[in-house]
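Everything on this sheet refers to the single structure shown next.
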Amino acid sequence: MAADIYGGPAEAGPGEIIADNLVPAAVSRYERSSRSLKHGDTFAVFDYLGDAFSSPANPEGIFHRDTRHLSQFLLSLNGARPLLLSSTLRDDNATLDCDLTNPRLVLGDGEVLMHDLIHARRTRFLWQEACYERLMLRNYDDVPRTLKVEIVFAADFADLFEVRGTPRQRRGMHHSPLVGNDRVLLAYDGLDGRTRSTLLRFDPQPNALSGGEASFVVELAPHQAQSIFIEIICNARQEHRNPPALTFFLALRDARRALRYSSSRATAIVTSNAAFNEAIRRSVADLYMLITETPEGPYPYAGIPWFSTAFGRDALITALETLWLDPEIAKGVLNHLAANQATQFDPTADAEPGKILHEMRYGEMAELGEVPFRRYYGSIDSTPLFIMLAGAYLDRTDDLQTARKLWPHVVAALDWIERYGDRDSDGFVEYGSRSAKGLVNQGWKDSHDSIFHSDGRLAEGPIALAEVQAYVFGAWQAAARLSRKLGHVDDGLRFERRAEDIRTRFDDAFFDEQLATYVLALDGEKKPCRVRSSNAGHALFTGIALPERADKVVSTLMAQSSFCGWGVRTIATSEARYNPMSYHNGSVWPHDNALIASGFVRYGFRAEAASLFEGLFSASTYIDLRRLPELFCGFPRRRARGPTFYPVSCIPQAWAAAAPLYLLQSMIGLGFDPAKGHVTLNEPTLPRFLDEVVLRRLRTGSGLVDIALRRSRSQVVVDVLERSGRVRVATTH
């Protein structure tokens, strides 16, 4: 992923840091299945019962701005943990609902309460830096029952990097809990001079309350129900609030309204395949849950739990994948990254003038410089991707006002490519961290061992990645289009020539006839890393690949050594460092495959693109909530068995959630000419698992249109169901 950290190699022990900040997995997330919620800068991870257990490398709890504000939250009934009936997220991710029941209990007087007589439902959601819960208890016995309900809680105020396994020599000071009649305040003074706090409020007032436990005695007549409301507020700033019972319903109303409003911008998708409809609904719901409203507009945070913050590369690719669905996401991403574009040199942050952000953090360790990610610029591809997205956004919307506002930032990014990105003036963009704490590898495959030679030797930098040159080519092309539309004709011609020059240089230096594909990278001595990798597919994605190379590249990517049946592996099985359980050396990433499939379609290989689409969709049918994870292992697909999960994969993950959306756009050849009000469908194709696709509220310019695509023998027939405003649909076969 665009991320920096997870799933490291076996040579490091749990909690040890490797040179590039990769942290090996100490606990698989699949050992403890979890449910995630997010709103704004707050996210939460609970187990299926709605509890949170604090343990090493376990990300359960409530986090706000990279600090865990609640590390333990355990429910018991008469001293015993409830039994799970079901646990589910609403289709729109608005609430987590956990249905529980009592085990067989021996009561205080020796009487036995048989199992399954008390139903407990926990309804929980996040809204504006707080977690709200309603615990409803109902007695299905035919006699009255008295229950002792206990909730044990704690807040360790651990930094997210600390939770991930990064050791700390010193920590700040915990305050003694402040206990009131119905509330407890937990607080911590960080070494960065900031106080972080968690306020827990209960309604009704507990029968007993301490700094780590709330206890209620609940008397239930037969079939009677009673509720307990709980508020968990990060850094509470209001002294006087409504009772939790009231704030629960008010906040729930507002949270649902906000979700409906934001997701209403998206084109609605309905197909003939019920399972795919569920997968698409979850993708869209995850996408909008991960979006945080910044001062510059909506911004998709990368993923939960490790990447719930602004990442440049992740957001840019997510915005490209969803540009057809909701252009406002791209607008927000562009404006936010422009506002945080580097303007000066800072070696500790790998910052150079014009460079686009990699990652932004707010936790204590980032503030203190214990990790370099407070505002970090160590990604080699965010800058060209920023320019690509700016061009694609204008193509999609014809929003000249935003394009003019972004133009100075595009120019600064182009200047970075030429002045700082190309370190040795050879025409290629290379990376090498300027900080000992920075990332060793700065492409999307940023594990310490992800860039290597055919004999397994790690490449030494500065390193020029294949896909980065493809993005730079796309950036110059996008800049040329932007220039022409903004009236800078001479610049447009110059940028086009620059793109063609890079294309020629790239083919000469990166294409390997013996491998029948593009090499992974060039090392610091300009020696090729002769490795078959998925990176070559990104050359098809941006169009830098010469047409005569496409057939060989596609064949290599779809060979059994690369295509495992679920998708294209990051590294082929023939390569020295292949490991299907690694983070970047043999795994399968949905976003990677979505970009590759787009490249396949660009060069006319629609059947191969459909195979990638089918593989990822089939994988989703084996996964809880039909939710594609950040990645999964690259073991071969076997009949009647699902994919093998990666132990610390983030789920949900923004660019993985957006992958099915982009795959659908690629397959139906959906494009736009907003100035003319045209929607185009270029050689639309449907994969075998879809016979019909209906798109509703598809926007171009000032018009809206509903379109149906239906399979008819070997072709796809397009029907316009409804339109409003000036819009025309054109299909080519």
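Chain lettering (A, B, ...) mirrors the order of the structure tokens, residue numbering begins at 1 for each chain separately, and ligand numbering begins at 1 in order of display.
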
- Write out as a ChimeraX atom specification which residues come within 12 Å of Pro295 in chain A when counting only C-alpha atoms, dropping same-chain ones fewer than 6 positions away. /A:40,332-333,335-337,339-340

Store the residues picked out above, limited to N, CA and C atoms, as a PDB file, in the first residue's frame.
```pdb
ATOM      1  N   GLY A  40     -14.615  11.124  10.723  1.00  0.00           N
ATOM      2  CA  GLY A  40     -13.614  12.171  10.819  1.00  0.00           C
ATOM      3  C   GLY A  40     -12.253  11.611  11.172  1.00  0.00           C
ATOM      4  N   GLY A 332     -11.583  17.417  -3.582  1.00  0.00           N
ATOM      5  CA  GLY A 332     -11.128  17.551  -2.207  1.00  0.00           C
ATOM      6  C   GLY A 332      -9.698  17.089  -2.017  1.00  0.00           C
ATOM      7  N   VAL A 333      -9.346  15.975  -2.647  1.00  0.00           N
ATOM      8  CA  VAL A 333      -7.982  15.450  -2.547  1.00  0.00           C
ATOM      9  C   VAL A 333      -6.985  16.441  -3.142  1.00  0.00           C
ATOM     10  N   ASN A 335      -7.281  19.700  -3.647  1.00  0.00           N
ATOM     11  CA  ASN A 335      -7.183  20.940  -2.877  1.00  0.00           C
ATOM     12  C   ASN A 335      -6.433  20.730  -1.557  1.00  0.00           C
ATOM     13  N   HIS A 336      -6.671  19.600  -0.900  1.00  0.00           N
ATOM     14  CA  HIS A 336      -6.002  19.335   0.378  1.00  0.00           C
ATOM     15  C   HIS A 336      -4.507  19.115   0.171  1.00  0.00           C
ATOM     16  N   LEU A 337      -4.153  18.361  -0.859  1.00  0.00           N
ATOM     17  CA  LEU A 337      -2.732  18.119  -1.110  1.00  0.00           C
ATOM     18  C   LEU A 337      -2.033  19.382  -1.597  1.00  0.00           C
ATOM     19  N   ALA A 339      -2.795  22.357  -0.612  1.00  0.00           N
ATOM     20  CA  ALA A 339      -2.618  23.184   0.588  1.00  0.00           C
ATOM     21  C   ALA A 339      -1.444  22.709   1.431  1.00  0.00           C
ATOM     22  N   ASN A 340      -1.058  21.437   1.281  1.00  0.00           N
ATOM     23  CA  ASN A 340       0.031  20.877   2.074  1.00  0.00           C
ATOM     24  C   ASN A 340       1.251  20.539   1.226  1.00  0.00           C
TER      25      ASN A 340
END
```

- Message: Among range 474-658 of chain A, which residues does DSSP mark as helix (DSSP H, G or I) when it is run on the backbone? Keep the chain and numbering as in the structure and answer as number ranges by chain.
- Response: A: 474-485, 489-510, 535-542, 547-558, 590-602, 606-620, 624-626, 654-657

- Between CA of Glu467 in chain A and CA of Ala539 in chain A, measure the distance and give it in Å to one decimal. 6.1 Å

Skip range 682-694 of chain A itself and residues of its chain fewer than 3 positions away, then list as a compact mmCIF listing (two decimals) with N, CA and C atoms, in the first residue's frame all residues within 10 Å of it, counting only C-alpha atoms.
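Dumped to part_11.txt:
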```
# COMPACT_ATOMS: atom_id res chain seq x y z
N THR A 267 -22.91 8.06 -8.12
CA THR A 267 -23.76 7.34 -9.06
C THR A 267 -24.19 6.03 -8.42
N ALA A 268 -25.46 5.69 -8.52
CA ALA A 268 -25.97 4.43 -7.98
C ALA A 268 -25.75 3.31 -9.00
N ILE A 269 -25.40 2.12 -8.49
CA ILE A 269 -25.08 0.97 -9.34
C ILE A 269 -25.93 -0.21 -8.91
N VAL A 270 -26.67 -0.78 -9.85
CA VAL A 270 -27.45 -1.99 -9.61
C VAL A 270 -27.18 -2.94 -10.77
N THR A 271 -26.96 -4.21 -10.45
CA THR A 271 -26.65 -5.18 -11.49
C THR A 271 -27.55 -6.40 -11.36
N SER A 272 -27.37 -7.33 -12.28
CA SER A 272 -28.14 -8.57 -12.28
C SER A 272 -27.62 -9.59 -11.28
N ASN A 273 -26.48 -9.30 -10.64
CA ASN A 273 -25.85 -10.25 -9.72
C ASN A 273 -26.02 -9.74 -8.30
N ALA A 274 -26.82 -10.46 -7.50
CA ALA A 274 -27.12 -10.00 -6.14
C ALA A 274 -25.87 -9.93 -5.28
N ALA A 275 -24.97 -10.90 -5.43
CA ALA A 275 -23.74 -10.89 -4.62
C ALA A 275 -22.87 -9.70 -5.00
N PHE A 276 -22.79 -9.39 -6.29
CA PHE A 276 -22.00 -8.23 -6.70
C PHE A 276 -22.64 -6.94 -6.21
N ASN A 277 -23.97 -6.89 -6.20
CA ASN A 277 -24.64 -5.70 -5.66
C ASN A 277 -24.24 -5.47 -4.20
N VAL A 601 -7.40 -2.84 -20.77
CA VAL A 601 -8.47 -2.31 -21.62
C VAL A 601 -7.91 -1.25 -22.56
N GLY A 604 -6.64 -2.90 -25.48
CA GLY A 604 -7.56 -3.79 -26.19
C GLY A 604 -7.66 -5.20 -25.64
N ARG A 606 -9.51 -6.89 -23.37
CA ARG A 606 -10.68 -6.87 -22.51
C ARG A 606 -10.95 -8.21 -21.83
N ALA A 607 -10.68 -9.30 -22.51
CA ALA A 607 -10.91 -10.61 -21.90
C ALA A 607 -10.00 -10.81 -20.69
N ALA A 609 -8.74 -8.38 -18.87
CA ALA A 609 -9.26 -7.48 -17.82
C ALA A 609 -10.45 -8.11 -17.12
N ALA A 610 -11.31 -8.76 -17.88
CA ALA A 610 -12.47 -9.43 -17.29
C ALA A 610 -12.04 -10.55 -16.35
N SER A 611 -10.94 -11.22 -16.65
CA SER A 611 -10.43 -12.28 -15.76
C SER A 611 -9.99 -11.71 -14.43
N LEU A 612 -9.34 -10.55 -14.45
CA LEU A 612 -8.95 -9.90 -13.20
C LEU A 612 -10.18 -9.49 -12.40
N PHE A 613 -11.16 -8.95 -13.08
CA PHE A 613 -12.41 -8.53 -12.44
C PHE A 613 -13.09 -9.73 -11.78
N GLU A 614 -13.19 -10.83 -12.53
CA GLU A 614 -13.85 -12.02 -12.01
C GLU A 614 -13.10 -12.58 -10.80
N PHE A 617 -13.75 -10.32 -7.75
CA PHE A 617 -15.13 -10.46 -7.29
C PHE A 617 -15.32 -11.80 -6.60
N SER A 618 -14.78 -12.87 -7.18
CA SER A 618 -14.92 -14.19 -6.55
C SER A 618 -14.26 -14.20 -5.19
N LEU A 664 -15.27 -1.80 -12.94
CA LEU A 664 -16.51 -1.67 -13.69
C LEU A 664 -16.41 -0.58 -14.75
N GLN A 665 -15.85 0.57 -14.38
CA GLN A 665 -15.68 1.65 -15.36
C GLN A 665 -14.82 1.19 -16.54
N SER A 666 -13.72 0.50 -16.24
CA SER A 666 -12.82 0.06 -17.30
C SER A 666 -13.52 -0.91 -18.24
N MET A 667 -14.28 -1.84 -17.68
CA MET A 667 -14.91 -2.86 -18.52
C MET A 667 -15.97 -2.27 -19.45
N ILE A 668 -16.71 -1.27 -18.98
CA ILE A 668 -17.76 -0.71 -19.84
C ILE A 668 -17.25 0.47 -20.67
N GLY A 669 -15.96 0.79 -20.53
CA GLY A 669 -15.36 1.85 -21.35
C GLY A 669 -15.98 3.21 -21.13
N LEU A 670 -16.31 3.52 -19.86
CA LEU A 670 -17.04 4.75 -19.55
C LEU A 670 -16.12 5.96 -19.58
N GLY A 671 -16.50 6.97 -20.36
CA GLY A 671 -15.75 8.22 -20.44
C GLY A 671 -16.69 9.41 -20.53
N VAL A 679 -21.61 11.46 -22.58
CA VAL A 679 -21.15 10.26 -21.89
C VAL A 679 -20.83 9.24 -22.96
N ASP A 706 -29.56 8.15 -16.59
CA ASP A 706 -29.63 6.76 -16.14
C ASP A 706 -29.39 5.87 -17.34
N ILE A 707 -28.46 4.92 -17.21
CA ILE A 707 -28.07 4.07 -18.33
C ILE A 707 -28.17 2.61 -17.92
N ALA A 708 -28.66 1.77 -18.83
CA ALA A 708 -28.67 0.32 -18.63
C ALA A 708 -27.80 -0.33 -19.69
N LEU A 709 -26.94 -1.24 -19.27
CA LEU A 709 -26.12 -2.03 -20.19
C LEU A 709 -26.52 -3.48 -20.02
N ARG A 710 -26.90 -4.13 -21.15
CA ARG A 710 -27.38 -5.51 -21.08
C ARG A 710 -26.65 -6.35 -22.10
N ARG A 711 -26.31 -7.57 -21.66
CA ARG A 711 -25.66 -8.50 -22.57
C ARG A 711 -26.66 -8.99 -23.61
N SER A 712 -26.26 -8.98 -24.86
CA SER A 712 -27.09 -9.52 -25.95
C SER A 712 -26.17 -10.34 -26.85
N SER A 714 -23.10 -11.73 -28.11
CA SER A 714 -21.69 -11.38 -27.95
C SER A 714 -21.47 -9.89 -27.73
N GLN A 715 -22.55 -9.11 -27.73
CA GLN A 715 -22.41 -7.66 -27.58
C GLN A 715 -23.13 -7.17 -26.33
N VAL A 716 -22.85 -5.90 -26.01
CA VAL A 716 -23.53 -5.23 -24.91
C VAL A 716 -24.39 -4.12 -25.49
N VAL A 717 -25.67 -4.16 -25.18
CA VAL A 717 -26.61 -3.16 -25.67
C VAL A 717 -26.79 -2.09 -24.59
N VAL A 718 -26.78 -0.83 -25.00
CA VAL A 718 -26.90 0.29 -24.08
C VAL A 718 -28.24 0.97 -24.28
N ASP A 719 -28.98 1.14 -23.19
CA ASP A 719 -30.27 1.87 -23.22
C ASP A 719 -30.19 3.07 -22.30
N VAL A 720 -30.69 4.19 -22.77
CA VAL A 720 -30.82 5.38 -21.93
C VAL A 720 -32.20 5.33 -21.29
N LEU A 721 -32.24 5.18 -19.97
CA LEU A 721 -33.50 5.02 -19.26
C LEU A 721 -34.15 6.36 -18.96
N ALA A 730 -23.14 8.20 -26.14
CA ALA A 730 -22.61 7.66 -27.39
C ALA A 730 -21.88 6.36 -27.11
N THR A 731 -22.13 5.35 -27.95
CA THR A 731 -21.50 4.04 -27.79
C THR A 731 -20.72 3.68 -29.04
N THR A 732 -19.51 3.15 -28.83
CA THR A 732 -18.71 2.65 -29.95
C THR A 732 -18.42 1.18 -29.74
N HIS A 733 -18.43 0.42 -30.82
CA HIS A 733 -18.12 -1.01 -30.76
C HIS A 733 -16.97 -1.34 -31.68
```

- Task: Please provide as a PyMOL selection string all residues within 9 Å of range 428-439 of chain A, with the sequence filter that same-chain residues fewer than 6 positions apart are discarded (counting only C-alpha atoms).
- Result: chain A and resi 4+19-21+346-351+370-373+376+378-380+417-418+420-422+446-448+460-465+468-469+472+502+505-506+522-524

- Message: Please list as a ChimeraX atom specification every residue within 6 Å of His591 in chain A, counting only C-alpha atoms and excluding residues in the same chain fewer than 5 positions away.
- Response: /A:655-656,659

Writer output for current selection, C-alpha atoms, as an mmCIF file, in the first residue's frame:
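Output file again_26.cif is given in full below:
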```cif
data_model
loop_
_atom_site.group_PDB
_atom_site.id
_atom_site.type_symbol
_atom_site.label_atom_id
_atom_site.label_comp_id
_atom_site.auth_asym_id
_atom_site.auth_seq_id
_atom_site.Cartn_x
_atom_site.Cartn_y
_atom_site.Cartn_z
ATOM 1 C CA TRP A 655 -8.168 2.040 -2.714
ATOM 2 C CA ALA A 656 -9.226 -1.582 -2.255
ATOM 3 C CA ALA A 659 -11.120 -1.216 -6.967
#
```

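Distances from A:Ile317, A:Arg404, A:Tyr132, A:His453 to His488 in chain A were compared using only C-alpha atoms, and the smallest one belongs to A:Arg404.
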
- Message: Taking 4 positions as the minimum chain separation for residues in the same chain, which residues sit within 8 Å of Asn78 in chain A when counting only C-alpha atoms? Answer as an MDAnalysis selection string.
- Response: chainID A and resid 105 107 147:150

- Task: Please provide as JSON, numbers by chain all residues within 7 Å of range 184-196 of chain A, with the sequence filter that same-chain residues fewer than 2 positions apart are discarded (counting only C-alpha atoms).
- Result: {"A": [155, 157, 171, 172, 173, 174, 175, 177, 178, 179, 180, 198, 199, 200, 201, 211, 235, 364, 367, 368]}

- Just give me the gap between CA of Ala44 in chain A and CA of Ala94 in chain A in Å, one decimal is fine. 12.8 Å

- Message: I need the residues in range 403-593 of chain A that are strand (DSSP E) according to DSSP; give them as a PyMOL selection string.
- Response: chain A and resi 464-465+511-512+517-518+521-522+528-529

- Task: Find, counting only C-alpha atoms, the residue in A:Met365, A:Val218, A:Ala550, A:Ile232 that gets nearest to Gly599 in chain A.
- Result: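 For Gly599 in chain A, the nearest of the given residues is A:Ala550.
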